[in-house]
Amino acid sequence: MSVALNPVESPYKQVLRALQTSENGLSPAEAQKRLQEYGPNAIQEKKHYSLAKMLLSEFTSSLVLVLIAAGMISFFVGETLDGLAILGIVVLNGLLGFFQEYKAEKAMEALKKLSALRAIVMRGGETMEVAPTELVPGDIVLLDEGSKAPADLRLIETVDTHIDEALLTGESNPVHKTVEPLSGAHALADQRNMAFSNTTITRGHAKGVVVCTGMKTEFGKIAGTLEQIEEEDTPLKRNLERLAKQMSKGVLALTFVLFIAGIFQGRDVFEMFLIAVSLGVAAIPEGLPAIITISLALGIQQMAKRNAIVRRMPAVETLGSTTVICSDKTGTLTKNEMTVEVLLADNKRFEVSGSGYSTQGNITVNGTPAERMKHPGLERALEVALNCNNAHIQTQNGIPYIIGDPTEGALIVAAKKGGLRTALERVHEIPFSSEKKFMTTVNKEGNQYLVCMKGAVEQVLARSTHAFVNGKMTPLTSTYRAKITVQANELAQNAYRVLALAFKYTPHEKEEEKKLEQGLAFAGLAGMRDPPREEVKESVRVCMQAGIRVKIITGDNALTAKAIAQKIGLQGNVLTGSELDALNPEEFNTAVESTTIFARVNPEHKYRIVSALKRNKNTVVAVTGDGVNDAPALKRADIGIAMGIKGTDVTKEAADVVLKDDNFATIVAAVSEGRKIFSNIKGFIRYMLSANFGEIIYISIMALGFRQIVLLPIQILWINLATDALPALALGTEKANDESMHQKPRRQDESIIRSMLSFIVIGGLLSAMAALTAFYYALPLGFEKARTMAFTVAVFFELALVFSCRQEGKGVLELNPLSNKYLVGAVLVSAVLQLLIVQVPFLQTIFDTVTLNTQDWLVVLGLALTSALVPYLDNAFKKYRPRPLGPYGDGAR
């Protein structure tokens, strides 16, 4: 709920008057009345599909509709067994897809966390705890360290208040808050007198008045925009829709030609209609949708093992098509954990290894370990860092986290890496304030007291008279001050946050504050920043090697963003949100393509950047992020990837993939998995269409030449479902091609069939020739024997052909046939089943076969092995065929 007042432009007392409240809060009765008027303080969740709708959605693709039509036609022409088998496959495929997505939704629900656990309010002058959903505009809310703002608040009282707004704005450093009014329009990151819903107080405490609740909060506004973004089909769905149309046209053309040819021969019209329809049904690879679904499900299981929840099944393959990854910086490329990387003390530069809040790491100087006792200045700087500090390190499930200010947490971690473990007893503290920009503590050390100060460099130097260098006190001359200032500026220019550390000893526990904060000895500088994750640099390199562009889109400042980009191996220019606003639409689109780093951007900028990238139909955009500010861009992208640990529920809801470990490297693994899946899908499409094309040629020749169907419906069904399905399914377990991440992403306008058409034709022709050869070989021994031979050769040719369909352009000479144990097992099972059908009398009756002798089986195997020639004949054809310029500019593919 909102009021007709801009809290940014109005002093807080005017806000209280406008909301008809006071610093003592609303009365309970008024709060209840407003709750009825404004409704609960909650984000409206997206309406989920019912289970029935989720199930029905699995039966809407063109490929499935073609199969349903084929099944109904089979019933119409009297082929009941065919019809039942085809519709059974359709139902199985639908159930597989339904259960996979249902399982993903359940995993998502398990990840959800409460946005705000409690709300402390003042009502009628009394402090009480209420559910966050019961807050209304005008409520006075109390915030303390570690709590979350339960609504959008205009702050009316602050005490050293710092708020982490990274999930909303992308700003990695906690923002210092004030009650002072602001004039003019300001970006969210600059609204210093506001506490926004779901942001976390890292230091101090505050009091604020609720100005917006529910969908009217900044958090809620972003959630609301997601409903207006239309979901688009994935690249895989578009490819399969195109494939279904191409197959439908091809089947209709073939059956029409066969029908007309029969009529010209003087055959009965109805007889030819039945033959043509049977051929059309035989031409359709009934098992294809189920095999694609199972292959995607296997990919999802592989991703689950790598801590990724795939919410929408085709998203696994879509990742393999990705051409651009737009990544948030804070919490995605970085850990969102401030880390001290540099310490300047004793006139030396000390490097601190490790990242985040783990205390694993070392302090080195010139590449060698720095022993604390040999560097007194370093030891003193670490003592100040540890004792002038209010943060605490805690561990949950083996993962360390900080209670308190992240900057102070980073200093504690650095001290522990240096070997310090326990802080001294504190007897007095002068807290940090935005006016003074430093903090002071007094700590008991033996019979004296150690005064520790940390803060802004210029403020600490102004209160220091000496420097502690190599265990000695030396006067802090103007030259030395200038040197320290230059060093601090150099660190700042490299995106470090710099704090100065100083100390002195005093014999008195209590001393006048002004005197206490004078006459200190400068100990050193600490340079810290939110570093990139260790694995990110390699992941970015692999992406670039795979032809995938990586762009950083962050709400953080340009200097920090560029420094992180350089550390992870990204080069390129930087544009800020204000610079983007100054561009016209054409300039904006051009800038988006050429820019690598976008800084100080808001959610609208992110959305526009993704939309501009998607203008190119061959661009597939993946967007990663954890904050609510990322959600609209995630949903607009072809694939949205949310962080599971630090991500908001709104972001996870908008995403296609959720990373349970927040690990950027998992994205690269997912891209590789996606490319493998698409390669495998192409493999079994190549396999199944080659096999079916061979059947079509053979049946057509025999129908027109011998005027009878030599492959019975039950035999065709056996080939298409029982014999084809197991090997095709095993192709889905094929390991990723070692070269898959060395190739550029495929074009989205590239037809699946186009690249494999010559393989399908060559494979089909060889298959038909093998079956015809077997038929004529056995014909002198009787028609039943000839039919059995042709049927068996068709089966074994396909079982041998599958080994040449594993990777495009490679056959049994390049790929060890035994390297895929699942494929070998599937082929053996199918071969044994075919052997039983031919040799067992009971099954001979069902499938209308006769017994084959040893010589017959040797002929069958010899003809089947000719399938090994298919990839090599295909390669030769592609190498020597004319290559006119196609739509790709480099010859038709």
# chains A, B, ... in the order shown; residues from 1 in each chain; ligands from 1
$ residues_around --residues "Gln807 of chain A" --least-positions-apart "4" --cutoff "8 Å" --atoms "only C-alpha atoms" --output "list in words"
Ser679, Asn680, Gly683, Asn737 and Gly811 of chain A
$ residues_around --residues "segment 201-214 of chain A" --least-positions-apart "2" --cutoff "6 Å" --atoms "only C-alpha atoms" --output "JSON, numbers by chain"
{"A": [1, 2, 41, 42, 43, 137, 138, 139, 140, 141, 142, 143, 144, 145, 146, 147, 151, 152, 153, 154, 155, 156, 157, 158, 159, 160, 161, 162, 163, 216, 217, 220, 404, 405]}
$ residues_around --residues "segment 425-432 of chain A" --least-positions-apart "2" --cutoff "10 Å" --atoms "only C-alpha atoms" --output "ChimeraX atom specification"
/A:159-161,203-204,387-390,422-423,434-445,449-455,509-511,513,516-517
$ residues_around --residues "Tyr822 of chain A" --least-positions-apart "5" --cutoff "9 Å" --atoms "only C-alpha atoms" --output "PyMOL selection string"
chain A and resi 727+730-731+733-734+827
$ closest_residue --among "A:Thr255, A:Thr506, A:Ser611, A:Thr849" --to "Leu520 of chain A" --atoms "only C-alpha atoms"
A:Thr506
$ atom_distance --atom1 "atom CA of Ser539 of chain A" --atom2 "atom CA of Pro745 of chain A"
16.2 Å
$ atom_distance --atom1 "atom CA of Phe797 of chain A" --atom2 "atom CA of Ala770 of chain A"
7.9 Å
$ closest_residue --among "A:Phe684, A:Tyr12, A:Phe350, A:Phe693" --to "Leu823 of chain A" --atoms "only C-alpha atoms"
A:Phe684
$ select_by_dssp --residues "segment 247-478 of chain A" --states "alpha helix (DSSP H)" --output "PyMOL selection string"
chain A and resi 247-264+269-283+288-305+315-321+376-387+406-417+457-462+478
$ write_last_selection --atoms "C-alpha atoms" --output "mmCIF file, in the first residue's frame"
data_model
loop_
_atom_site.group_PDB
_atom_site.id
_atom_site.type_symbol
_atom_site.label_atom_id
_atom_site.label_comp_id
_atom_site.auth_asym_id
_atom_site.auth_seq_id
_atom_site.Cartn_x
_atom_site.Cartn_y
_atom_site.Cartn_z
ATOM 1 C CA MET A 247 7.835 -34.708 -40.882
ATOM 2 C CA SER A 248 4.116 -34.184 -41.435
ATOM 3 C CA LYS A 249 4.699 -32.631 -44.844
ATOM 4 C CA GLY A 250 7.174 -35.374 -45.786
ATOM 5 C CA VAL A 251 4.858 -38.200 -44.712
ATOM 6 C CA LEU A 252 1.870 -36.670 -46.517
ATOM 7 C CA ALA A 253 3.932 -36.253 -49.683
ATOM 8 C CA LEU A 254 5.211 -39.853 -49.577
ATOM 9 C CA THR A 255 1.814 -41.390 -48.914
ATOM 10 C CA PHE A 256 0.232 -39.264 -51.645
ATOM 11 C CA VAL A 257 2.874 -40.352 -54.186
ATOM 12 C CA LEU A 258 2.398 -44.006 -53.213
ATOM 13 C CA PHE A 259 -1.386 -43.677 -53.434
ATOM 14 C CA ILE A 260 -1.278 -42.059 -56.901
ATOM 15 C CA ALA A 261 1.264 -44.631 -58.120
ATOM 16 C CA GLY A 262 -1.034 -47.451 -57.035
ATOM 17 C CA ILE A 263 -4.021 -45.895 -58.754
ATOM 18 C CA PHE A 264 -2.032 -45.648 -61.987
ATOM 19 C CA VAL A 269 -8.700 -47.099 -54.443
ATOM 20 C CA PHE A 270 -9.652 -48.193 -50.915
ATOM 21 C CA GLU A 271 -6.884 -50.810 -50.903
ATOM 22 C CA MET A 272 -4.299 -48.170 -51.853
ATOM 23 C CA PHE A 273 -5.735 -45.788 -49.239
ATOM 24 C CA LEU A 274 -5.197 -48.380 -46.519
ATOM 25 C CA ILE A 275 -1.663 -49.144 -47.792
ATOM 26 C CA ALA A 276 -0.783 -45.418 -47.943
ATOM 27 C CA VAL A 277 -2.141 -44.757 -44.445
ATOM 28 C CA SER A 278 -0.277 -47.752 -43.023
ATOM 29 C CA LEU A 279 2.899 -46.497 -44.653
ATOM 30 C CA GLY A 280 2.349 -43.018 -43.248
ATOM 31 C CA VAL A 281 1.902 -44.372 -39.731
ATOM 32 C CA ALA A 282 5.019 -46.520 -40.185
ATOM 33 C CA ALA A 283 7.014 -43.459 -41.256
ATOM 34 C CA LEU A 288 10.709 -39.962 -30.473
ATOM 35 C CA PRO A 289 8.809 -37.688 -28.005
ATOM 36 C CA ALA A 290 9.222 -40.173 -25.153
ATOM 37 C CA ILE A 291 12.928 -40.619 -25.891
ATOM 38 C CA ILE A 292 13.449 -36.830 -25.995
ATOM 39 C CA THR A 293 11.593 -36.495 -22.687
ATOM 40 C CA ILE A 294 13.643 -39.259 -21.077
ATOM 41 C CA SER A 295 16.863 -37.734 -22.419
ATOM 42 C CA LEU A 296 15.954 -34.360 -20.910
ATOM 43 C CA ALA A 297 15.025 -36.069 -17.644
ATOM 44 C CA LEU A 298 18.432 -37.776 -17.555
ATOM 45 C CA GLY A 299 20.024 -34.373 -18.104
ATOM 46 C CA ILE A 300 18.013 -32.952 -15.213
ATOM 47 C CA GLN A 301 19.232 -35.765 -12.972
ATOM 48 C CA GLN A 302 22.824 -35.007 -13.952
ATOM 49 C CA MET A 303 22.274 -31.334 -13.134
ATOM 50 C CA ALA A 304 20.679 -32.222 -9.788
ATOM 51 C CA LYS A 305 23.873 -34.080 -8.894
ATOM 52 C CA ALA A 315 15.798 -25.454 -20.039
ATOM 53 C CA VAL A 316 18.630 -28.005 -19.848
ATOM 54 C CA GLU A 317 18.957 -28.049 -23.629
ATOM 55 C CA THR A 318 18.397 -24.282 -23.889
ATOM 56 C CA LEU A 319 21.534 -23.690 -21.857
ATOM 57 C CA GLY A 320 23.469 -25.526 -24.532
ATOM 58 C CA SER A 321 22.196 -22.982 -27.084
ATOM 59 C CA PRO A 376 55.663 -6.181 14.471
ATOM 60 C CA GLY A 377 53.783 -3.609 12.382
ATOM 61 C CA LEU A 378 51.700 -6.338 10.750
ATOM 62 C CA GLU A 379 50.986 -7.936 14.127
ATOM 63 C CA ARG A 380 49.863 -4.597 15.584
ATOM 64 C CA ALA A 381 47.613 -3.875 12.570
ATOM 65 C CA LEU A 382 45.948 -7.278 12.965
ATOM 66 C CA GLU A 383 45.464 -6.684 16.703
ATOM 67 C CA VAL A 384 43.666 -3.413 15.940
ATOM 68 C CA ALA A 385 41.537 -5.176 13.291
ATOM 69 C CA LEU A 386 40.517 -7.865 15.778
ATOM 70 C CA ASN A 387 39.862 -5.657 18.811
ATOM 71 C CA PRO A 406 30.690 -7.439 6.507
ATOM 72 C CA THR A 407 33.628 -5.029 6.636
ATOM 73 C CA GLU A 408 34.301 -5.884 10.268
ATOM 74 C CA GLY A 409 33.844 -9.557 9.445
ATOM 75 C CA ALA A 410 36.562 -9.291 6.803
ATOM 76 C CA LEU A 411 38.945 -7.769 9.379
ATOM 77 C CA ILE A 412 38.303 -10.606 11.852
ATOM 78 C CA VAL A 413 38.974 -13.209 9.158
ATOM 79 C CA ALA A 414 42.251 -11.456 8.239
ATOM 80 C CA ALA A 415 43.335 -11.411 11.876
ATOM 81 C CA LYS A 416 42.631 -15.125 12.231
ATOM 82 C CA LYS A 417 44.584 -15.874 9.046
ATOM 83 C CA VAL A 457 42.206 7.133 6.127
ATOM 84 C CA GLU A 458 42.091 10.935 6.348
ATOM 85 C CA GLN A 459 40.316 10.854 9.734
ATOM 86 C CA VAL A 460 42.674 8.322 11.332
ATOM 87 C CA LEU A 461 45.773 10.123 10.010
ATOM 88 C CA ALA A 462 44.433 13.417 11.403
ATOM 89 C CA SER A 478 53.945 15.303 6.338
#
$ select_by_dssp --residues "segment 384-608 of chain A" --states "strand (DSSP E or B)" --output "number ranges by chain"
A: 392-396, 399-403, 425-430, 438-445, 448-455, 464-469, 472-475, 497-506, 520-529, 532, 549-553, 574-576, 597-599
